Structure formats: C-alpha cells, structure tokens
Amino acid sequence: MLLIKIIPDKCDFCGTCVGVCPEDAIELKESEIKIDENLCTNCSKCVWVCPIDVLVFQKEKIKSEIKN
Amino acid sequence: MKNEYDVIVVGGGPAGSMAARFAAEQGASVIMLEKDRDIGYPVRCGEAVSKEGIEEFIEPDEKFISATINNFAMIAPDGTKVLLSLEQTGYVLERKIFDYELAKQAASRGAEILTRAYVNGLMFSDNKVSGVKYVFMGKEYRLKSKVVIAADGVESRVARWAGIKTYVDYREMESCVQVTASNINIDKNTLYFYFGKDVAPEGYFWVFPKYNNSANIGLGIGGEIGKKKSAQIYLDNFMEKHYPNAPVLTKIAGGVPSSVTLEKISAPGIIVVGDAARQVNPLSGGGIVSGMIGGKIGGTIVGEAIKTGNLEHILTYDKAWHNRLGKRHEIFNRIKNGIYNFSDEKFNSIAHSFLKIPPEKRTLGNLFKTALINNPSLLLDIAKVFIIK
C-alpha cells in the first residue's frame, strides 16, 4: 500500500527525491511527478529530503488500515 | 535529425553541454536531449563559481556574470562576522545565460540539441547500452548510439537503468531552497555564509549578491535534519528576520549530492557526468565547474573512443576523473565530515579565534585551520587542498 502522497501543486520538480530513492520508484518529467506504487517501499527518504514538503507520509492511512 | 548518433547526451546542463562539446570536437556525431523546454531554466543553484574554474571553458563575459566576488564573509551563530579577501576572484553567474552559452559552444562544434525530449529508458544489445528511448511531443522514439552520456543531474536515473548504483544516501543529500530577492542591501563583491543550528544545521545559509541590489538567498541542510524540519521553514525564518519586505523574484528548490563521486561512472556503452555522477565538491556544494570538468574529461574520452573505434576506451574515464578531481573531492569530503555538525559554540569560538589572527593572514585556508586545530589529520587535508595547489 502506498503511504506516501505527493502534493503536485507544491512541487518544484527539482528531482531531489528521485536522487535518494533506492527503488527508482519516482518518475519526474518537466512538470509531472508520480510514485510507482509497485516499486515504492514507503521508506520515506524522499519525504525527508524534499526541501519544500511536497511529499507527505500518511500516518493516518496506517492507523485506519490497522483498525480494519 | 539522424536515425543514429555516435553519442547521445542526456541532459543539457553545464556537464552535458561540455560532454557534447568535447565529444563533437573529436569528430563524433552528437545529439543532446534535454527534458525541459529551455536550456538553462529553471536554474537550481546558488550560481557561484571561481574565475579560474570557468576560464578553462569560456571567456568570462559580463552578459552572464551577475557579480564579481573578492571577499568571503562568515557569520557565526552569535552574529560575529569574519570577513576575508579571497585569493581567487569569483563570480555569481546568470545561469540562464551561462548555460545557453555552453550549449551554443556544443552546437558550434556540430552537436545537435533537442529540448522537451524526455528520456525514459535505455536500449541494450550484447549487454551494452546501445541507445535511448525518449518521448517528444507525446510520441515515443528510439534512438541508437555507440555511447550514451548520462548528464541527467541530481535525479540520475539514466545510469541506474544501466545497472550503476547512483542513488545517494539521504544523509548525504543537501536539501536546498533559494529565492532571488530584490532590494537586498549587501556588499556587491562579497559572498555571505551563515552557520548554526538556527539557520542551516549540517549545511550553510548563503546570501550571494547579484546585479542591481538583488541576491540569491538560500540554504542547504543535511537529509537527517530534513526529517524534522524542511529547508523551506529555515528560509522563511531567515527572510522574516533579515529581509521581511524584500520582493521575491524567483523561488527554487533543489538537491545537492554532497558525497564523493560514484564508485563507478562508466559501463559498456555509457558514462555518467556532473551531478548525476555525484561530481560535486562535497564541502562547498559547488557543482558547476566540477561538472564541466567531468563533462570535458568524459566527452573527450568518448570522442577518442569513437574516433579510434575502440569503445572499451570509455572505461578509462573513471580513472581520468579520479586523478583530476575525484581524489580531491575525497579530501573535501573528509573535511566536510570534520565540520558539518559543529555546535553553535564551536562556530562562535572559531570566529572569535580567527579574528585574533592578523588581517593579512586571514585566508580561507587559515579559517579552516582554525576550525580544525584539534584535528591534526584533517589539518593535513586542509594543507593539501587550500595551500598546495
């Protein structure tokens, strides 16, 4: 389950997240970014290095999953 | 446009343009593919370089020089300011124009350029990279080559597809954000560096003058710091404190790989240059000139390989880079590791001690010596990079 969310409106398409992704799960075009949920392991390194908080780890999604 | 090229360069930044230029100078047919619609834009950079560094490639010209730098200022966390004059002249560039000029150099040697060409895969034959797949104007294309030069910047995906491990440990990725702001009243020949946990932990905050009272104001923080608080928040705090009313002309985010060069920067049919190869000076975070040097070395070797028909020659690029700059970057990396997590008290005491040195001895080398006085092994490293040229 993909737990990392991108807020595209905030993104500057700088590629910092792509450069630390161990799985090559992030695709970045000129003004388009997406995470491949089949490759992403939710390791969150992309979230930590994003300079402008575009990527968010959705804790609440885990909680709701556990509840269910 | 041809169906096949000797060399495909992926990425039109300074490293890509230099790789294209130097490969073309050896007579290779070259095309450079850039994913964005413009060469040189958006700029992701503080734009500072040394005069000596760019002179190897291009005559300094006022059309791409926004400020000329002679001084360095360090501002310690307690506000103590250390000012020193630099032994070398520096420049703050106008990258938009500078990058254009570099691409034009490549073009003048015969390289073709295609913008808005997004490379999304490699082609292989006989376990060797044999071209790229790319999307242009909504259509998919395949383009064959003898050698691909990956110059795709911080993302560095192209070489990864060839099995080269390019991703950076997040702790070694400086997370950066910068504004270019107007009405900034600073000395127009001085680069200002602020240190400390409030402004830029595990990195530094910069204010670099640009033409007509504008400045590049930004910072980089280590990836570990970004876990708790993003670079953006540090920038907002600084602007609020120092320049609350400054009109912001541009805002950009970016990452600087602050590590040593990748272990491997060539493989059959492909080499990696610039930020993609992690050819950034890990101490300063400067990557323009070192990327251009990587591009020059790589482009030349690839060009020679094409000219002689000996494609295995491209594998000598690793060593050539290591000897020219890679080794030096290892020294810079050791120095960085010695200072990057200094406490505020330590930065303050460095500034205070340094101000006791006679003004004529206040050099950048001596500033680092003061910082690392209790670390003899690094003092030797300082001597290697700052004193012995």
# chains A, B, ... in the order shown; residues from 1 in each chain; ligands from 1
$ closest_atom_pairs --of "segment 23-54 of chain B" --to "segment 14-17 of chain A" --cutoff "12 Å" --atoms "only C-alpha atoms" --output "tab-separated table"
residue	atom	partner	partner_atom	distance
B:Asp36	CA	A:Cys14	CA	11.6
B:Tyr41	CA	A:Cys14	CA	11.4
B:Pro42	CA	A:Cys14	CA	9.0
B:Val43	CA	A:Cys14	CA	9.7
B:Arg44	CA	A:Cys14	CA	7.5
B:Cys45	CA	A:Cys14	CA	10.8
$ write_last_selection --atoms "C-alpha atoms" --output "PDB file, in the first residue's frame"
ATOM      1  CA  ASP B  36      12.751  20.745 -20.173  1.00  0.00           C
ATOM      2  CA  TYR B  41      15.993  27.064 -16.979  1.00  0.00           C
ATOM      3  CA  PRO B  42      14.832  26.520 -14.289  1.00  0.00           C
ATOM      4  CA  VAL B  43      18.104  27.319 -12.520  1.00  0.00           C
ATOM      5  CA  ARG B  44      18.690  25.153  -9.449  1.00  0.00           C
ATOM      6  CA  CYS B  45      21.730  26.724  -7.953  1.00  0.00           C
TER       7      CYS B  45
END
$ residues_around --residues "segment 126-139 of chain B" --least-positions-apart "3" --cutoff "12 Å" --atoms "only C-alpha atoms" --output "PyMOL selection string"
(chain A and resi 29-30) or (chain B and resi 3-10+31-37+114-123+142-150+158-164+266-271+311-312)
$ write_last_selection --atoms "N, CA and C atoms" --output "short mmCIF file (atom, residue, chain, number, x, y, z; two decimals), in the first residue's frame"
data_model
loop_
_atom_site.label_atom_id
_atom_site.label_comp_id
_atom_site.auth_asym_id
_atom_site.auth_seq_id
_atom_site.Cartn_x
_atom_site.Cartn_y
_atom_site.Cartn_z
N LYS A 29 8.91 14.30 -14.80
CA LYS A 29 9.04 14.97 -16.10
C LYS A 29 9.15 16.46 -15.85
N GLU A 30 9.00 17.27 -16.88
CA GLU A 30 9.19 18.71 -16.70
C GLU A 30 8.28 19.26 -15.60
N ASN B 3 19.02 9.01 -37.68
CA ASN B 3 18.43 7.83 -37.03
C ASN B 3 19.34 7.26 -35.96
N GLU B 4 20.59 7.64 -36.04
CA GLU B 4 21.60 7.07 -35.16
C GLU B 4 22.72 8.07 -34.95
N TYR B 5 23.23 8.13 -33.74
CA TYR B 5 24.36 9.03 -33.44
C TYR B 5 25.48 8.25 -32.80
N ASP B 6 26.68 8.78 -32.91
CA ASP B 6 27.79 8.17 -32.16
C ASP B 6 27.51 8.33 -30.67
N VAL B 7 27.07 9.54 -30.30
CA VAL B 7 26.93 9.86 -28.88
C VAL B 7 25.59 10.53 -28.61
N ILE B 8 24.86 10.03 -27.60
CA ILE B 8 23.65 10.71 -27.12
C ILE B 8 23.96 11.22 -25.72
N VAL B 9 23.81 12.53 -25.53
CA VAL B 9 24.00 13.10 -24.20
C VAL B 9 22.61 13.35 -23.62
N VAL B 10 22.34 12.83 -22.43
CA VAL B 10 21.03 13.04 -21.80
C VAL B 10 21.18 14.11 -20.73
N ILE B 31 24.13 14.15 -30.28
CA ILE B 31 22.88 14.86 -30.01
C ILE B 31 22.70 14.95 -28.50
N MET B 32 22.24 16.11 -28.05
CA MET B 32 21.99 16.33 -26.62
C MET B 32 20.48 16.47 -26.43
N LEU B 33 19.91 15.61 -25.57
CA LEU B 33 18.47 15.63 -25.31
C LEU B 33 18.21 16.27 -23.95
N GLU B 34 17.34 17.26 -23.92
CA GLU B 34 17.02 17.96 -22.67
C GLU B 34 15.52 17.80 -22.41
N LYS B 35 15.15 17.43 -21.20
CA LYS B 35 13.73 17.16 -20.94
C LYS B 35 12.89 18.43 -20.82
N ASP B 36 13.50 19.50 -20.33
CA ASP B 36 12.75 20.75 -20.17
C ASP B 36 12.68 21.51 -21.50
N ARG B 37 11.81 22.52 -21.51
CA ARG B 37 11.67 23.22 -22.79
C ARG B 37 12.81 24.18 -23.07
N LEU B 114 18.08 18.81 -28.79
CA LEU B 114 16.63 18.67 -28.85
C LEU B 114 16.08 18.89 -27.44
N THR B 115 15.28 19.93 -27.26
CA THR B 115 14.67 20.16 -25.94
C THR B 115 13.28 19.51 -25.91
N ARG B 116 12.73 19.40 -24.72
CA ARG B 116 11.45 18.73 -24.48
C ARG B 116 11.49 17.25 -24.87
N ALA B 117 12.69 16.70 -24.85
CA ALA B 117 12.85 15.28 -25.17
C ALA B 117 13.12 14.55 -23.86
N TYR B 118 12.14 13.80 -23.42
CA TYR B 118 12.21 13.14 -22.12
C TYR B 118 12.66 11.70 -22.29
N VAL B 119 13.86 11.40 -21.81
CA VAL B 119 14.39 10.04 -21.92
C VAL B 119 13.81 9.18 -20.80
N ASN B 120 13.18 8.06 -21.19
CA ASN B 120 12.55 7.22 -20.16
C ASN B 120 13.03 5.77 -20.16
N GLY B 121 14.09 5.50 -20.92
CA GLY B 121 14.63 4.14 -20.90
C GLY B 121 15.88 4.04 -21.77
N LEU B 122 16.57 2.93 -21.61
CA LEU B 122 17.76 2.68 -22.42
C LEU B 122 17.51 1.49 -23.33
N MET B 123 18.26 1.39 -24.39
CA MET B 123 18.23 0.19 -25.23
C MET B 123 19.56 -0.53 -25.02
N ARG B 142 12.85 5.77 -30.43
CA ARG B 142 14.06 5.04 -30.04
C ARG B 142 15.20 5.61 -30.86
N LEU B 143 16.33 5.81 -30.21
CA LEU B 143 17.47 6.41 -30.91
C LEU B 143 18.71 5.61 -30.55
N LYS B 144 19.40 5.14 -31.60
CA LYS B 144 20.58 4.30 -31.36
C LYS B 144 21.85 5.13 -31.22
N SER B 145 22.79 4.60 -30.45
CA SER B 145 24.08 5.30 -30.30
C SER B 145 25.17 4.29 -29.99
N LYS B 146 26.41 4.76 -30.13
CA LYS B 146 27.55 3.93 -29.70
C LYS B 146 27.78 4.14 -28.20
N VAL B 147 27.60 5.39 -27.75
CA VAL B 147 27.78 5.69 -26.32
C VAL B 147 26.70 6.67 -25.86
N VAL B 148 26.15 6.41 -24.68
CA VAL B 148 25.23 7.35 -24.03
C VAL B 148 26.01 8.05 -22.92
N ILE B 149 25.87 9.37 -22.85
CA ILE B 149 26.47 10.11 -21.72
C ILE B 149 25.33 10.59 -20.84
N ALA B 150 25.25 10.04 -19.62
CA ALA B 150 24.18 10.41 -18.69
C ALA B 150 24.59 11.68 -17.95
N VAL B 158 19.28 7.63 -15.49
CA VAL B 158 19.71 7.01 -16.74
C VAL B 158 20.77 5.94 -16.48
N ALA B 159 21.80 6.29 -15.70
CA ALA B 159 22.88 5.33 -15.43
C ALA B 159 22.36 4.16 -14.60
N ARG B 160 21.35 4.42 -13.79
CA ARG B 160 20.75 3.38 -12.96
C ARG B 160 20.16 2.27 -13.82
N TRP B 161 19.56 2.71 -14.93
CA TRP B 161 18.98 1.72 -15.85
C TRP B 161 20.05 0.83 -16.45
N ALA B 162 21.32 1.32 -16.42
CA ALA B 162 22.42 0.50 -16.93
C ALA B 162 23.09 -0.29 -15.81
N GLY B 163 22.47 -0.28 -14.64
CA GLY B 163 23.00 -1.09 -13.54
C GLY B 163 24.02 -0.40 -12.66
N ILE B 164 24.20 0.92 -12.84
CA ILE B 164 25.12 1.66 -11.98
C ILE B 164 24.33 2.20 -10.79
N SER B 266 31.36 4.55 -15.35
CA SER B 266 31.29 4.09 -16.75
C SER B 266 30.90 2.62 -16.77
N ALA B 267 30.30 2.22 -17.86
CA ALA B 267 29.95 0.81 -18.10
C ALA B 267 29.89 0.68 -19.63
N PRO B 268 29.84 -0.54 -20.14
CA PRO B 268 29.83 -0.68 -21.61
C PRO B 268 28.71 0.15 -22.26
N GLY B 269 29.12 1.11 -23.09
CA GLY B 269 28.15 1.93 -23.82
C GLY B 269 27.63 3.14 -23.07
N ILE B 270 28.11 3.40 -21.87
CA ILE B 270 27.58 4.55 -21.12
C ILE B 270 28.62 5.11 -20.15
N ILE B 271 28.63 6.45 -20.02
CA ILE B 271 29.37 7.08 -18.91
C ILE B 271 28.44 8.08 -18.23
N LEU B 311 35.82 1.11 -28.41
CA LEU B 311 34.80 1.60 -27.46
C LEU B 311 35.12 1.26 -26.01
N GLU B 312 35.99 0.29 -25.81
CA GLU B 312 36.37 -0.04 -24.44
C GLU B 312 37.15 1.10 -23.77
#
$ interface_residues --of "chain A" --to "chain B" --cutoff "10 Å" --atoms "only C-alpha atoms" --output "PyMOL selection string"
chain A and resi 11-24+26-31+44-53
$ write_last_selection --atoms "N, CA and C atoms" --output "compact mmCIF listing (two decimals), in the first residue's frame"
# COMPACT_ATOMS: atom_id res chain seq x y z
N CYS A 11 4.84 21.15 -5.86
CA CYS A 11 6.12 20.60 -6.36
C CYS A 11 6.85 21.58 -7.29
N ASP A 12 8.18 21.62 -7.13
CA ASP A 12 9.03 22.44 -7.99
C ASP A 12 9.77 21.57 -9.02
N PHE A 13 9.51 20.25 -9.00
CA PHE A 13 10.09 19.31 -9.96
C PHE A 13 11.62 19.35 -9.97
N CYS A 14 12.20 19.42 -8.77
CA CYS A 14 13.67 19.58 -8.67
C CYS A 14 14.42 18.26 -8.72
N GLY A 15 13.74 17.14 -8.41
CA GLY A 15 14.40 15.84 -8.55
C GLY A 15 15.19 15.36 -7.34
N THR A 16 15.17 16.13 -6.25
CA THR A 16 15.92 15.71 -5.06
C THR A 16 15.42 14.36 -4.55
N CYS A 17 14.11 14.18 -4.54
CA CYS A 17 13.51 12.92 -4.07
C CYS A 17 13.95 11.75 -4.94
N VAL A 18 14.01 11.98 -6.25
CA VAL A 18 14.39 10.91 -7.18
C VAL A 18 15.82 10.45 -6.89
N GLY A 19 16.68 11.42 -6.57
CA GLY A 19 18.10 11.13 -6.34
C GLY A 19 18.38 10.29 -5.11
N VAL A 20 17.45 10.21 -4.16
CA VAL A 20 17.67 9.38 -2.96
C VAL A 20 16.81 8.13 -2.94
N CYS A 21 15.97 7.94 -3.95
CA CYS A 21 15.07 6.79 -3.95
C CYS A 21 15.83 5.51 -4.29
N PRO A 22 15.94 4.57 -3.35
CA PRO A 22 16.71 3.35 -3.61
C PRO A 22 16.01 2.43 -4.62
N GLU A 23 14.73 2.64 -4.86
CA GLU A 23 13.96 1.73 -5.72
C GLU A 23 13.69 2.28 -7.12
N ASP A 24 14.15 3.47 -7.40
CA ASP A 24 13.84 4.12 -8.68
C ASP A 24 12.33 4.15 -8.91
N ILE A 26 10.32 6.82 -8.41
CA ILE A 26 9.73 8.14 -8.68
C ILE A 26 10.06 8.56 -10.10
N GLU A 27 9.04 8.96 -10.80
CA GLU A 27 9.22 9.43 -12.17
C GLU A 27 8.94 10.92 -12.24
N LEU A 28 9.87 11.64 -12.86
CA LEU A 28 9.76 13.10 -12.89
C LEU A 28 9.93 13.61 -14.31
N LYS A 29 8.91 14.30 -14.80
CA LYS A 29 9.04 14.97 -16.10
C LYS A 29 9.15 16.46 -15.85
N GLU A 30 9.00 17.27 -16.88
CA GLU A 30 9.19 18.71 -16.70
C GLU A 30 8.28 19.26 -15.60
N SER A 31 7.01 18.89 -15.62
CA SER A 31 6.13 19.38 -14.57
C SER A 31 5.10 18.31 -14.23
N SER A 44 10.41 6.42 2.89
CA SER A 44 10.25 7.83 3.28
C SER A 44 11.48 8.71 3.11
N LYS A 45 12.53 8.20 2.50
CA LYS A 45 13.72 9.04 2.30
C LYS A 45 13.37 10.27 1.45
N CYS A 46 12.49 10.08 0.49
CA CYS A 46 12.05 11.19 -0.37
C CYS A 46 11.36 12.28 0.45
N VAL A 47 10.59 11.83 1.45
CA VAL A 47 9.86 12.78 2.29
C VAL A 47 10.87 13.63 3.08
N TRP A 48 11.90 12.96 3.59
CA TRP A 48 12.88 13.66 4.43
C TRP A 48 13.68 14.70 3.67
N VAL A 49 14.02 14.39 2.41
CA VAL A 49 14.90 15.33 1.68
C VAL A 49 14.13 16.40 0.90
N CYS A 50 12.84 16.26 0.76
CA CYS A 50 12.12 17.27 -0.02
C CYS A 50 12.27 18.63 0.65
N PRO A 51 12.83 19.62 -0.08
CA PRO A 51 13.10 20.91 0.55
C PRO A 51 11.83 21.68 0.89
N ILE A 52 10.72 21.35 0.22
CA ILE A 52 9.54 22.20 0.37
C ILE A 52 8.28 21.41 0.74
N ASP A 53 8.47 20.27 1.39
CA ASP A 53 7.36 19.49 1.96
C ASP A 53 6.27 19.10 0.95
$ select_by_dssp --residues "chain A" --states "helix (DSSP H, G or I)" --output "PyMOL selection string"
chain A and resi 8-10+16-20+45-49+59-67
$ residues_around --residues "Ser64 of chain A" --least-positions-apart "5" --cutoff "12 Å" --atoms "only C-alpha atoms" --output "NGL selection string"
:A and (3 or 58-59)
$ select_by_dssp --residues "segment 135-247 of chain B" --states "strand (DSSP E)" --output "PyMOL selection string"
chain B and resi 135-136+139-150+173-181+190-194+204-210+214-221
$ residues_around --residues "Thr89 of chain B" --least-positions-apart "3" --cutoff "12 Å" --atoms "only C-alpha atoms" --output "list in words"
Ala48, Val49, Ser50, Lys51, Glu52, Gly53, Ile54, Glu55, Pro60, Ala67, Thr68, Ile69, Asn70, Asn71, Phe72, Ser85, Leu86, Val92, Asn189, Thr190 and Leu191 of chain B
$ closest_residue --among "B:Pro358, B:Gly218, B:Gly90, B:Gly11" --to "Gly203 of chain B" --atoms "only C-alpha atoms"
B:Gly218
$ atom_distance --atom1 "atom CA of Leu315 of chain B" --atom2 "atom CA of Ala277 of chain B"
14.3 Å
$ atom_distance --atom1 "atom CA of Pro359 of chain B" --atom2 "atom CA of Met74 of chain B"
14.5 Å
$ atom_distance --atom1 "atom CA of Val280 of chain B" --atom2 "atom CA of Phe205 of chain B"
17.7 Å
$ closest_residue --among "B:Glu140, B:Glu87, B:Glu330, B:Asp318" --to "Phe386 of chain B" --atoms "only C-alpha atoms"
B:Glu87
$ closest_residue --among "B:Asn323, B:Thr300, B:Thr80, B:Ser353" --to "Ala20 of chain B" --atoms "only C-alpha atoms"
B:Thr300
$ residues_around --residues "Gly326 of chain B" --least-positions-apart "6" --cutoff "10 Å" --atoms "only C-alpha atoms" --output "PDB file with C-alpha atoms, in the first residue's frame"
ATOM      1  CA  VAL B 260      32.239  11.567  -3.044  1.00  0.00           C
ATOM      2  CA  THR B 261      31.866  10.590  -6.702  1.00  0.00           C
ATOM      3  CA  LEU B 262      30.010   7.350  -7.511  1.00  0.00           C
ATOM      4  CA  ARG B 278      27.944  12.983  -7.920  1.00  0.00           C
ATOM      5  CA  GLN B 279      30.865  15.081  -9.128  1.00  0.00           C
ATOM      6  CA  VAL B 280      30.015  17.909  -6.729  1.00  0.00           C
ATOM      7  CA  ASN B 281      32.579  19.342  -4.312  1.00  0.00           C
ATOM      8  CA  SER B 290      33.429  20.247 -11.389  1.00  0.00           C
ATOM      9  CA  GLY B 294      33.635  15.805 -15.634  1.00  0.00           C
ATOM     10  CA  ASP B 318      36.756   6.570 -14.087  1.00  0.00           C
ATOM     11  CA  LYS B 319      40.469   6.791 -13.533  1.00  0.00           C
ATOM     12  CA  ALA B 320      40.934  10.002 -15.502  1.00  0.00           C
ATOM     13  CA  PHE B 332      36.957  17.764   0.708  1.00  0.00           C
TER      14      PHE B 332
END
$ residues_around --residues "Gln105 of chain B" --least-positions-apart "2" --cutoff "10 Å" --atoms "only C-alpha atoms" --output "VMD selection string"
chain B and resid 17 to 18 20 to 22 57 to 58 99 to 103 107 to 111
